[in-house]
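Structure file run_26.cif (mmCIF, C-alpha atoms (C1' of nucleotides)) is printed below.
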data_protein
#
loop_
_atom_site.label_atom_id
_atom_site.label_comp_id
_atom_site.auth_asym_id
_atom_site.auth_seq_id
_atom_site.Cartn_x
_atom_site.Cartn_y
_atom_site.Cartn_z
CA MET Y 1 106.05 98.19 116.14
CA GLN Y 2 103.56 100.44 114.35
CA LEU Y 3 103.67 100.94 110.64
CA HIS Y 4 103.75 104.54 109.46
CA LYS Y 5 103.09 106.03 106.03
CA ARG Y 6 106.69 107.21 105.92
CA ASP Y 7 108.05 103.69 106.48
CA VAL Y 8 105.87 102.37 103.69
CA VAL Y 9 107.01 105.03 101.23
CA ASP Y 10 110.64 104.49 102.28
CA ALA Y 11 110.43 100.77 101.66
CA ALA Y 12 108.59 101.31 98.39
CA THR Y 13 111.30 103.67 97.17
CA THR Y 14 114.03 101.18 98.09
CA LEU Y 15 112.16 98.42 96.27
CA LEU Y 16 111.79 100.66 93.23
CA ASP Y 17 115.48 101.56 93.15
CA SER Y 18 116.58 97.96 93.58
CA TYR Y 19 114.19 96.08 91.31
CA GLY Y 20 112.17 98.58 89.24
CA ILE Y 21 108.50 99.41 88.94
CA ALA Y 22 107.41 95.92 87.81
CA ASP Y 23 108.51 94.50 91.15
CA LEU Y 24 106.94 97.27 93.20
CA THR Y 25 103.83 95.30 94.14
CA MET Y 26 101.66 95.59 97.21
CA ARG Y 27 102.39 92.00 98.20
CA ARG Y 28 106.13 92.30 97.77
CA LEU Y 29 106.16 95.58 99.67
CA ALA Y 30 104.19 94.01 102.51
CA ARG Y 31 106.65 91.09 102.61
CA GLU Y 32 109.57 93.54 102.79
CA LEU Y 33 107.89 95.32 105.69
CA ALA Y 34 107.00 92.01 107.34
CA VAL Y 35 103.29 92.77 107.46
CA SER Y 36 100.29 91.23 105.79
CA PRO Y 37 99.21 92.71 102.42
CA GLY Y 38 96.00 93.96 103.97
CA ALA Y 39 97.92 96.15 106.41
CA LEU Y 40 98.91 98.52 103.59
CA TYR Y 41 95.24 99.23 102.93
CA TRP Y 42 94.87 100.74 106.34
CA HIS Y 43 97.33 103.48 105.32
CA PHE Y 44 96.58 103.83 101.59
CA ALA Y 45 93.25 103.51 99.80
CA ASN Y 46 94.82 101.63 96.89
CA LYS Y 47 98.02 101.07 94.94
CA GLN Y 48 97.63 104.25 92.87
CA GLU Y 49 97.57 106.37 95.99
CA LEU Y 50 100.70 104.68 97.29
CA LEU Y 51 102.49 105.20 93.96
CA GLY Y 52 101.43 108.84 94.13
CA ALA Y 53 103.14 109.13 97.50
CA VAL Y 54 106.31 107.57 96.03
CA ALA Y 55 106.13 110.04 93.13
CA ASP Y 56 105.94 112.91 95.61
CA ARG Y 57 108.95 111.55 97.45
CA ILE Y 58 110.93 111.38 94.21
CA LEU Y 59 109.98 114.98 93.42
CA GLU Y 60 110.91 116.37 96.83
CA SER Y 61 114.16 117.76 95.44
CA VAL Y 62 112.34 119.82 92.81
CA GLY Y 63 111.92 123.01 94.80
CA ASP Y 64 110.92 126.45 93.63
CA VAL Y 65 113.18 128.20 91.17
CA GLY Y 66 113.69 131.97 90.94
CA GLY Y 67 114.65 134.36 88.17
CA GLY Y 68 113.03 135.44 84.91
CA TRP Y 69 110.36 133.25 83.34
CA ARG Y 70 112.84 131.55 81.00
CA ASP Y 71 115.14 130.61 83.85
CA ARG Y 72 112.22 129.42 85.94
CA VAL Y 73 110.95 127.15 83.16
CA ALA Y 74 114.40 125.81 82.30
CA GLY Y 75 115.40 125.41 85.94
CA THR Y 76 112.23 123.57 86.91
CA CYS Y 77 112.48 121.25 83.92
CA CYS Y 78 116.13 120.39 84.52
CA ARG Y 79 115.51 119.66 88.19
CA LEU Y 80 112.48 117.59 87.29
CA ARG Y 81 114.49 115.52 84.81
CA ASP Y 82 117.31 115.07 87.32
CA ALA Y 83 114.88 113.87 89.97
CA LEU Y 84 113.30 111.37 87.59
CA LEU Y 85 116.67 110.01 86.46
CA SER Y 86 117.86 109.42 89.99
CA HIS Y 87 115.44 106.55 90.64
CA THR Y 88 114.94 103.36 88.65
CA ASP Y 89 111.88 103.81 86.40
CA GLY Y 90 111.37 107.20 88.07
CA ALA Y 91 110.09 108.83 84.89
CA GLU Y 92 107.58 106.06 84.23
CA LEU Y 93 106.28 106.09 87.78
CA VAL Y 94 105.87 109.86 87.97
CA SER Y 95 104.36 109.95 84.49
CA ALA Y 96 101.72 107.40 85.50
CA SER Y 97 100.97 109.18 88.77
CA PHE Y 98 100.65 112.52 86.98
CA ALA Y 99 98.24 111.05 84.43
CA ALA Y 100 96.22 109.54 87.27
CA GLY Y 101 96.15 112.88 89.08
CA GLN Y 102 97.80 111.32 92.13
CA SER Y 103 100.89 113.50 92.53
CA GLU Y 104 100.59 116.67 94.56
CA ALA Y 105 104.18 117.51 93.72
CA MET Y 106 103.43 117.45 89.99
CA ALA Y 107 100.41 119.67 90.60
CA ARG Y 108 102.73 122.12 92.37
CA ILE Y 109 105.25 122.03 89.52
CA LEU Y 110 102.44 122.62 87.05
CA THR Y 111 101.36 125.66 89.04
CA GLN Y 112 104.88 127.08 88.96
CA LEU Y 113 105.19 126.57 85.23
CA THR Y 114 101.77 128.12 84.69
CA ALA Y 115 102.87 131.20 86.58
CA ALA Y 116 106.03 131.38 84.50
CA ALA Y 117 104.02 131.11 81.27
CA ALA Y 118 101.71 133.86 82.47
CA ASP Y 119 104.74 136.02 83.27
CA ALA Y 120 105.97 135.35 79.75
CA GLY Y 121 102.83 137.04 78.55
CA VAL Y 122 100.78 134.01 77.56
CA ASP Y 123 97.04 134.57 77.69
CA PRO Y 124 96.03 133.48 81.22
CA ARG Y 125 93.37 131.22 79.72
CA HIS Y 126 96.13 129.28 77.98
CA ALA Y 127 99.00 129.56 80.44
CA GLU Y 128 98.17 126.24 82.07
CA LEU Y 129 98.11 124.48 78.73
CA ALA Y 130 101.50 125.94 77.90
CA ALA Y 131 102.72 124.59 81.24
CA ARG Y 132 101.18 121.16 80.57
CA THR Y 133 102.88 121.09 77.18
CA VAL Y 134 106.22 121.62 78.86
CA VAL Y 135 105.46 118.87 81.38
CA TYR Y 136 104.42 116.44 78.62
CA TYR Y 137 107.78 117.10 76.99
CA VAL Y 138 109.88 116.55 80.10
CA LEU Y 139 108.04 113.36 81.02
CA GLY Y 140 108.00 111.99 77.48
CA PHE Y 141 111.65 112.77 76.88
CA THR Y 142 112.83 111.37 80.18
CA VAL Y 143 110.75 108.17 80.03
CA ASP Y 144 112.39 107.58 76.69
CA GLU Y 145 115.89 108.47 77.84
CA GLN Y 146 115.62 106.32 80.94
CA SER Y 147 114.34 103.28 79.11
CA ARG Y 148 117.30 103.41 76.71
CA LEU Y 149 119.65 104.07 79.62
CA GLN Y 150 118.39 101.10 81.61
CA TRP Y 151 118.19 98.90 78.56
CA ASP Y 152 121.88 99.08 77.80
CA ALA Y 153 122.93 99.33 81.43
CA ALA Y 154 121.40 95.84 81.47
CA GLY Y 155 124.09 94.92 78.98
CA ALA Y 156 121.94 95.06 75.88
CA GLU Y 157 124.58 96.94 73.90
CA LEU Y 158 122.12 98.46 71.43
CA PRO Y 159 123.00 98.45 67.75
CA ASP Y 160 124.42 101.99 67.56
CA ASP Y 161 120.95 103.43 67.42
CA GLN Y 162 120.94 105.80 64.41
CA SER Y 163 123.98 107.61 65.83
CA VAL Y 164 122.25 110.74 67.18
CA LEU Y 165 119.60 109.43 69.51
CA SER Y 166 122.04 108.52 72.24
CA GLU Y 167 124.53 111.41 71.95
CA ASP Y 168 124.59 113.74 74.92
CA PRO Y 169 121.01 113.44 76.23
CA SER Y 170 121.39 116.63 78.27
CA ALA Y 171 122.18 118.66 75.17
CA ARG Y 172 119.27 117.08 73.34
CA PHE Y 173 117.01 117.79 76.30
CA GLY Y 174 118.11 121.40 76.22
CA PHE Y 175 117.33 121.70 72.54
CA GLY Y 176 113.73 120.54 72.94
CA LEU Y 177 113.34 122.79 75.93
CA ARG Y 178 114.50 125.83 73.94
CA LEU Y 179 112.01 124.90 71.26
CA LEU Y 180 109.19 125.12 73.80
CA VAL Y 181 110.49 128.28 75.44
CA ASP Y 182 110.76 129.93 72.03
CA GLY Y 183 107.22 128.80 71.25
CA ILE Y 184 106.01 130.42 74.45
CA ALA Y 185 107.95 133.57 73.65
CA ALA Y 186 106.36 133.68 70.20
CA HIS Y 187 102.95 133.41 71.86
CA ARG Y 188 103.44 136.11 74.43
CA ASP Y 189 100.14 137.95 74.28
CA ALA Y 190 99.77 136.87 70.65
CA GLN Y 191 96.05 136.81 71.35
CA THR Y 192 95.66 138.88 74.48
CA PRO Y 193 94.09 142.31 74.32
CA VAL Y 194 96.59 145.12 73.79
CA SER Y 195 95.89 146.39 77.30
CA ALA Y 196 97.67 143.38 78.73
CA LYS Y 197 100.90 144.11 76.90
CA LYS Y 198 101.93 146.73 79.39
CA PHE Y 199 103.21 143.99 81.69
CA GLU Y 200 106.16 143.45 79.43
CA MET N 1 88.49 77.02 62.38
CA GLN N 2 91.96 78.48 62.33
CA LEU N 3 92.82 81.52 64.34
CA HIS N 4 94.47 84.37 62.42
CA LYS N 5 96.36 87.41 63.67
CA ARG N 6 93.63 89.60 62.15
CA ASP N 7 90.88 87.86 64.13
CA VAL N 8 92.83 88.33 67.33
CA VAL N 9 93.39 92.04 66.72
CA ASP N 10 89.73 92.46 65.74
CA ALA N 11 88.51 90.82 68.92
CA ALA N 12 91.01 92.79 71.01
CA THR N 13 89.80 96.08 69.52
CA THR N 14 86.19 95.17 70.23
CA LEU N 15 87.07 94.26 73.79
CA LEU N 16 88.92 97.57 74.16
CA ASP N 17 86.01 99.61 72.85
CA SER N 18 83.48 97.81 75.02
CA TYR N 19 85.29 97.51 78.33
CA GLY N 20 88.51 99.55 78.23
CA ILE N 21 92.18 98.72 78.53
CA ALA N 22 91.96 97.25 82.03
CA ASP N 23 89.73 94.46 80.72
CA LEU N 24 91.86 93.80 77.66
CA THR N 25 93.65 90.78 79.11
CA MET N 26 95.09 87.77 77.33
CA ARG N 27 92.78 85.42 79.21
CA ARG N 28 89.64 87.42 78.53
CA LEU N 29 90.58 87.78 74.87
CA ALA N 30 91.13 84.04 74.60
CA ARG N 31 87.73 83.39 76.20
CA GLU N 32 86.09 85.78 73.71
CA LEU N 33 87.75 83.90 70.85
CA ALA N 34 86.87 80.55 72.41
CA VAL N 35 90.46 79.35 72.49
CA SER N 36 92.84 78.54 75.31
CA PRO N 37 95.05 81.37 76.58
CA GLY N 38 98.14 79.60 75.29
CA ALA N 39 96.84 79.74 71.72
CA LEU N 40 97.49 83.50 71.60
CA TYR N 41 101.17 82.87 72.22
CA TRP N 42 101.45 80.99 68.97
CA HIS N 43 100.57 84.24 67.13
CA PHE N 44 102.11 86.87 69.42
CA ALA N 45 105.30 86.65 71.46
CA ASN N 46 103.72 88.44 74.41
CA LYS N 47 101.03 90.88 75.46
CA GLN N 48 103.10 93.96 74.54
CA GLU N 49 103.38 92.78 70.95
CA LEU N 50 99.63 92.19 70.75
CA LEU N 51 98.92 95.64 72.17
CA GLY N 52 101.31 97.06 69.58
CA ALA N 53 99.24 95.42 66.86
CA VAL N 54 96.08 96.95 68.33
CA ALA N 55 97.81 100.35 68.42
CA ASP N 56 98.68 99.99 64.74
CA ARG N 57 95.08 99.10 63.96
CA ILE N 58 93.90 102.23 65.79
CA LEU N 59 96.35 104.35 63.83
CA GLU N 60 95.44 102.96 60.41
CA SER N 61 93.37 106.06 59.66
CA VAL N 62 96.34 108.38 60.20
CA GLY N 63 97.65 108.43 56.65
CA ASP N 64 100.17 110.74 55.05
CA VAL N 65 99.33 114.42 54.90
CA GLY N 66 100.45 116.81 52.18
CA GLY N 67 101.12 120.54 51.98
CA GLY N 68 103.64 122.87 53.60
CA TRP N 69 105.43 121.78 56.74
CA ARG N 70 102.99 123.62 59.02
CA ASP N 71 99.99 121.92 57.44
CA ARG N 72 101.70 118.56 57.54
CA VAL N 73 102.45 118.88 61.25
CA ALA N 74 99.00 120.20 62.12
CA GLY N 75 97.22 117.69 59.88
CA THR N 76 99.12 114.70 61.23
CA CYS N 77 98.53 115.78 64.82
CA CYS N 78 94.81 116.35 64.36
CA ARG N 79 94.34 112.99 62.66
CA LEU N 80 96.37 111.32 65.37
CA ARG N 81 94.23 112.84 68.09
CA ASP N 82 91.03 111.89 66.27
CA ALA N 83 92.19 108.30 65.91
CA LEU N 84 93.05 108.09 69.61
CA LEU N 85 89.73 109.56 70.67
CA SER N 86 87.71 107.11 68.60
CA HIS N 87 88.58 104.11 70.79
CA THR N 88 88.12 103.69 74.52
CA ASP N 89 91.47 104.33 76.22
CA GLY N 90 92.99 104.71 72.75
CA ALA N 91 95.41 107.42 73.86
CA GLU N 92 96.65 105.39 76.82
CA LEU N 93 97.12 102.25 74.76
CA VAL N 94 99.00 103.97 71.94
CA SER N 95 101.05 105.97 74.41
CA ALA N 96 102.18 102.79 76.15
CA SER N 97 102.92 101.01 72.87
CA PHE N 98 104.92 103.99 71.64
CA ALA N 99 106.98 104.11 74.83
CA ALA N 100 107.61 100.38 74.52
CA GLY N 101 108.68 100.82 70.89
CA GLN N 102 105.97 98.40 69.76
CA SER N 103 104.03 100.53 67.29
CA GLU N 104 105.20 100.61 63.69
CA ALA N 105 102.49 103.14 62.91
CA MET N 106 103.87 105.55 65.51
CA ALA N 107 107.34 105.07 64.06
CA ARG N 108 105.93 106.00 60.65
CA ILE N 109 104.20 109.09 62.06
CA LEU N 110 107.43 110.10 63.77
CA THR N 111 109.26 109.83 60.45
CA GLN N 112 106.69 112.07 58.76
CA LEU N 113 106.94 114.68 61.49
CA THR N 114 110.73 114.51 61.35
CA ALA N 115 110.64 115.22 57.64
CA ALA N 116 108.29 118.14 58.24
CA ALA N 117 110.60 119.58 60.91
CA ALA N 118 113.56 119.20 58.56
CA ASP N 119 111.58 121.02 55.87
CA ALA N 120 110.89 123.76 58.37
CA GLY N 121 114.64 124.28 58.53
CA VAL N 122 115.42 122.55 61.80
CA ASP N 123 118.96 121.22 62.05
CA PRO N 124 118.72 117.62 60.76
CA ARG N 125 120.47 116.43 63.92
CA HIS N 126 117.55 117.80 65.95
CA ALA N 127 114.63 117.30 63.57
CA GLU N 128 113.68 113.98 65.13
CA LEU N 129 113.70 115.47 68.62
CA ALA N 130 111.41 118.26 67.40
CA ALA N 131 109.12 115.56 66.00
CA ARG N 132 109.23 113.59 69.26
CA THR N 133 108.36 116.74 71.19
CA VAL N 134 105.26 117.15 69.05
CA VAL N 135 104.33 113.50 69.61
CA TYR N 136 104.81 113.81 73.38
CA TYR N 137 102.41 116.74 73.28
CA VAL N 138 99.68 115.01 71.28
CA LEU N 139 99.86 111.86 73.41
CA GLY N 140 100.03 113.73 76.71
CA PHE N 141 97.21 116.08 75.80
CA THR N 142 94.94 113.37 74.48
CA VAL N 143 95.52 110.92 77.34
CA ASP N 144 94.47 113.75 79.61
CA GLU N 145 91.48 114.80 77.52
CA GLN N 146 90.23 111.24 77.16
CA SER N 147 90.49 110.44 80.85
CA ARG N 148 88.38 113.49 81.71
CA LEU N 149 85.98 112.65 78.90
CA GLN N 150 85.50 109.07 80.04
CA TRP N 151 85.38 110.05 83.66
CA ASP N 152 82.31 112.22 83.34
CA ALA N 153 80.76 110.09 80.61
CA ALA N 154 80.69 107.56 83.43
CA GLY N 155 78.43 110.01 85.25
CA ALA N 156 81.02 111.48 87.54
CA GLU N 157 79.83 115.06 86.95
CA LEU N 158 83.14 116.68 87.88
CA PRO N 159 83.12 119.73 90.10
CA ASP N 160 83.27 122.32 87.32
CA ASP N 161 86.97 121.79 86.99
CA GLN N 162 88.52 125.28 87.17
CA SER N 163 86.26 126.40 84.31
CA VAL N 164 88.83 126.44 81.48
CA LEU N 165 90.19 122.93 81.47
CA SER N 166 87.12 121.43 79.88
CA GLU N 167 86.14 124.24 77.47
CA ASP N 168 86.43 123.32 73.81
CA PRO N 169 89.24 120.73 73.89
CA SER N 170 89.82 121.09 70.15
CA ALA N 171 90.55 124.78 70.49
CA ARG N 172 92.86 124.09 73.42
CA PHE N 173 94.58 121.37 71.42
CA GLY N 174 95.09 123.82 68.57
CA PHE N 175 96.63 126.39 70.89
CA GLY N 176 99.29 123.99 72.18
CA LEU N 177 99.97 122.84 68.66
CA ARG N 178 100.56 126.39 67.48
CA LEU N 179 102.93 126.89 70.37
CA LEU N 180 105.04 123.98 69.14
CA VAL N 181 104.84 124.99 65.49
CA ASP N 182 105.95 128.49 66.41
CA GLY N 183 108.78 127.01 68.45
CA ILE N 184 109.90 125.03 65.42
CA ALA N 185 109.62 128.10 63.24
CA ALA N 186 111.75 130.07 65.69
CA HIS N 187 114.36 127.31 65.49
CA ARG N 188 114.54 127.08 61.72
CA ASP N 189 118.29 126.81 61.14
CA ALA N 190 118.88 128.82 64.31
CA GLN N 191 122.01 126.75 64.74
CA THR N 192 122.68 125.38 61.29
CA PRO N 193 125.57 126.68 59.22
CA VAL N 194 124.65 129.60 56.98
CA SER N 195 125.21 127.41 53.93
CA ALA N 196 122.10 125.43 54.84
CA LYS N 197 119.89 128.50 54.83
CA LYS N 198 119.62 128.51 51.05
CA PHE N 199 116.92 125.85 51.32
CA GLU N 200 114.49 128.38 52.57
"C1'" DA G 1 101.65 73.90 62.10
"C1'" DC G 2 98.56 75.03 65.45
"C1'" DC G 3 96.21 74.38 69.69
"C1'" DT G 4 94.74 72.28 74.49
"C1'" DG G 5 95.19 71.52 79.40
"C1'" DA G 6 97.21 72.25 83.14
"C1'" DA G 7 100.35 74.13 85.74
"C1'" DC G 8 103.62 77.94 87.77
"C1'" DA G 9 104.17 81.91 90.04
"C1'" DC G 10 102.20 85.46 90.90
"C1'" DC G 11 98.61 89.84 91.32
"C1'" DG G 12 95.16 93.84 93.94
"C1'" DT G 13 91.63 94.10 97.14
"C1'" DT G 14 88.31 92.92 100.86
"C1'" DC G 15 86.88 91.86 105.33
"C1'" DA G 16 85.64 89.16 109.48
"C1'" DA G 17 88.10 88.51 113.33
"C1'" DG G 18 91.61 89.46 116.55
"C1'" DT G 19 94.48 92.67 119.84
"C1'" DA U 1 93.16 102.06 115.95
"C1'" DC U 2 95.68 98.94 113.58
"C1'" DC U 3 96.68 94.52 111.80
"C1'" DT U 4 96.19 89.24 110.53
"C1'" DG U 5 94.52 85.38 107.87
"C1'" DA U 6 92.28 83.84 104.52
"C1'" DA U 7 89.74 84.21 100.82
"C1'" DC U 8 88.01 86.07 96.06
"C1'" DA U 9 88.70 86.74 91.53
"C1'" DC U 10 91.74 87.20 88.77
"C1'" DC U 11 96.63 87.79 85.96
"C1'" DG U 12 100.82 86.59 82.00
"C1'" DT U 13 103.45 82.92 80.42
"C1'" DT U 14 105.19 78.17 79.54
"C1'" DC U 15 105.15 73.70 77.74
"C1'" DA U 16 104.34 68.71 77.30
"C1'" DA U 17 101.10 66.53 74.82
"C1'" DG U 18 97.75 66.09 71.34
"C1'" DT U 19 95.81 66.54 66.30
#
Show me the file's structure as structure tokens.
Amino acid sequence: MQLHKRDVVDAATTLLDSYGIADLTMRRLARELAVSPGALYWHFANKQELLGAVADRILESVGDVGGGWRDRVAGTCCRLRDALLSHTDGAELVSASFAAGQSEAMARILTQLTAAAADAGVDPRHAELAARTVVYYVLGFTVDEQSRLQWDAAGAELPDDQSVLSEDPSARFGFGLRLLVDGIAAHRDAQTPVSAKKFE
Amino acid sequence: MQLHKRDVVDAATTLLDSYGIADLTMRRLARELAVSPGALYWHFANKQELLGAVADRILESVGDVGGGWRDRVAGTCCRLRDALLSHTDGAELVSASFAAGQSEAMARILTQLTAAAADAGVDPRHAELAARTVVYYVLGFTVDEQSRLQWDAAGAELPDDQSVLSEDPSARFGFGLRLLVDGIAAHRDAQTPVSAKKFE
DNA sequence: ACCTGAACACCGTTCAAGT
DNA sequence: ACCTGAACACCGTTCAAGT
């Protein structure tokens, strides 16, 4: 029976959910698929590319969001966080793939956020940076949240962690998000020529 | 001759600067120090802890900054970025150590930024999140900047990269920073009781 | 107290050779 | 076209035993 890219990504995702990113190795994946390790290299150039494909699978549920620029930013970020949280080490894996430039889905999300920032009135030259800043936040926050989550799901029973850090992560996420959205709002054409202000 | 923690961190930093994070392995480090790999485990519990010590060494130059809260945030962030950029893969290494909770220096920087955010008038319950958001930005931005930097220093000669992404990284860094500072300013006691506003 | 030697249980990647 | 088998060149970590 022929091995297809889809099967490989399926098996990789299952491995990830069951044992985490540390156990998502090429050799283990090959064993799970009952093929030799070398077989994977017919379908993927290297491990990074395979992880990129897993990242894209994880992000499938993050579709396009409509509405005003604020709703589009908030909606995209919330969906992104939800997607990351629904797989073991999802945030870490996507974060690494994004940094390595291996996730098409993250590139797509970045494009959407860039468009939203531009709609908010951010200088087009800086709209992508505004979008990246938002992405850095979502990834950083969620990597952090997930590591705490998984740490005490593993029965670690952390020592009451300065009280606030673990209280309602969704509310905390929302706060940081508002901070960024307000920053973008404050920068709407702050340094664009006056002629561009008509779009508002 | 006895091996000291300092010698190990020195050698590790040299290895990092010369060959990058991928070649900073326990075995290679031991070889460089002319000891057996096991010797390192007398001084450090594991590789993560050693990397944390290297991260702290990299961040030594990021001291305390004075002035108003805006200057303190901007100053700390600029020094942090400079420190990261002055070692090969510095941003990646510190980013990983921060995520793993292994860098005391990053904890200290986070405390400083938290104090600055509190001074800005951010609800004390959310000041640390504001600080974390800033840290996520600096780390995310600099990891990105450094990977591009090192990529074409290695003679890759990237395909003119959408024109803007590579133009004056420091200016771009400053833009994103202002976005965050403005976001913090917009949030000054936005949801604190009126009684707290007297501090302004 | 501090380190060696040797082992344990793995890795990612390549590539001639097979079907 | 797609995969196997086997090798290459490594890893992090542990631990009895030595000094």
Residues of chain N within 9 Å of chain U, using only C-alpha atoms (C1' of nucleotides), as number ranges by chain? N: 25-27, 38, 41, 46-47
- Can you give me, as a PyMOL selection string, the residues this file yields under the PyMOL selection byres ((chain Y) within 9 of (chain N))? chain Y and resi 99-100+125-126+128-130+132-141+143-144+147+164-165+172-173+175-176+178-187
Please return the centre and edge lengths, in Å to one decimal, of a box with edges along x, y and z that contains all listed atoms of range 62-79 of chain N, widened by 5 Å on every side, as AutoDock Vina command-line options.
--center_x 99.9 --center_y 116.0 --center_z 58.4 --size_x 21.1 --size_y 25.2 --size_z 22.8
Run the PyMOL selection byres ((chain N and resi 87) around 10) on the file and write out the hits as a VMD selection string.
chain N and resid 13 to 14 16 to 18 20 58 82 to 86 88 to 91 93 146
task = With a distance cut-off of 8 Å and only C-alpha atoms (C1' of nucleotides), select the neighbouring residues of Leu59 in chain N, excluding the residue or stretch itself and same-chain residues fewer than 3 positions from it, and output the selection as an MDAnalysis selection string.
result = chainID N and resid 55:56 62 80 83:84 105:106
Which residues are close to Thr76 in chain Y, i.e. within 10 Å by all atoms listed in the file, leaving aside same-chain residues fewer than 4 positions away? Reply as number ranges by chain. Y: 62-66, 70-72, 80-82, 109-110, 112-113, 135
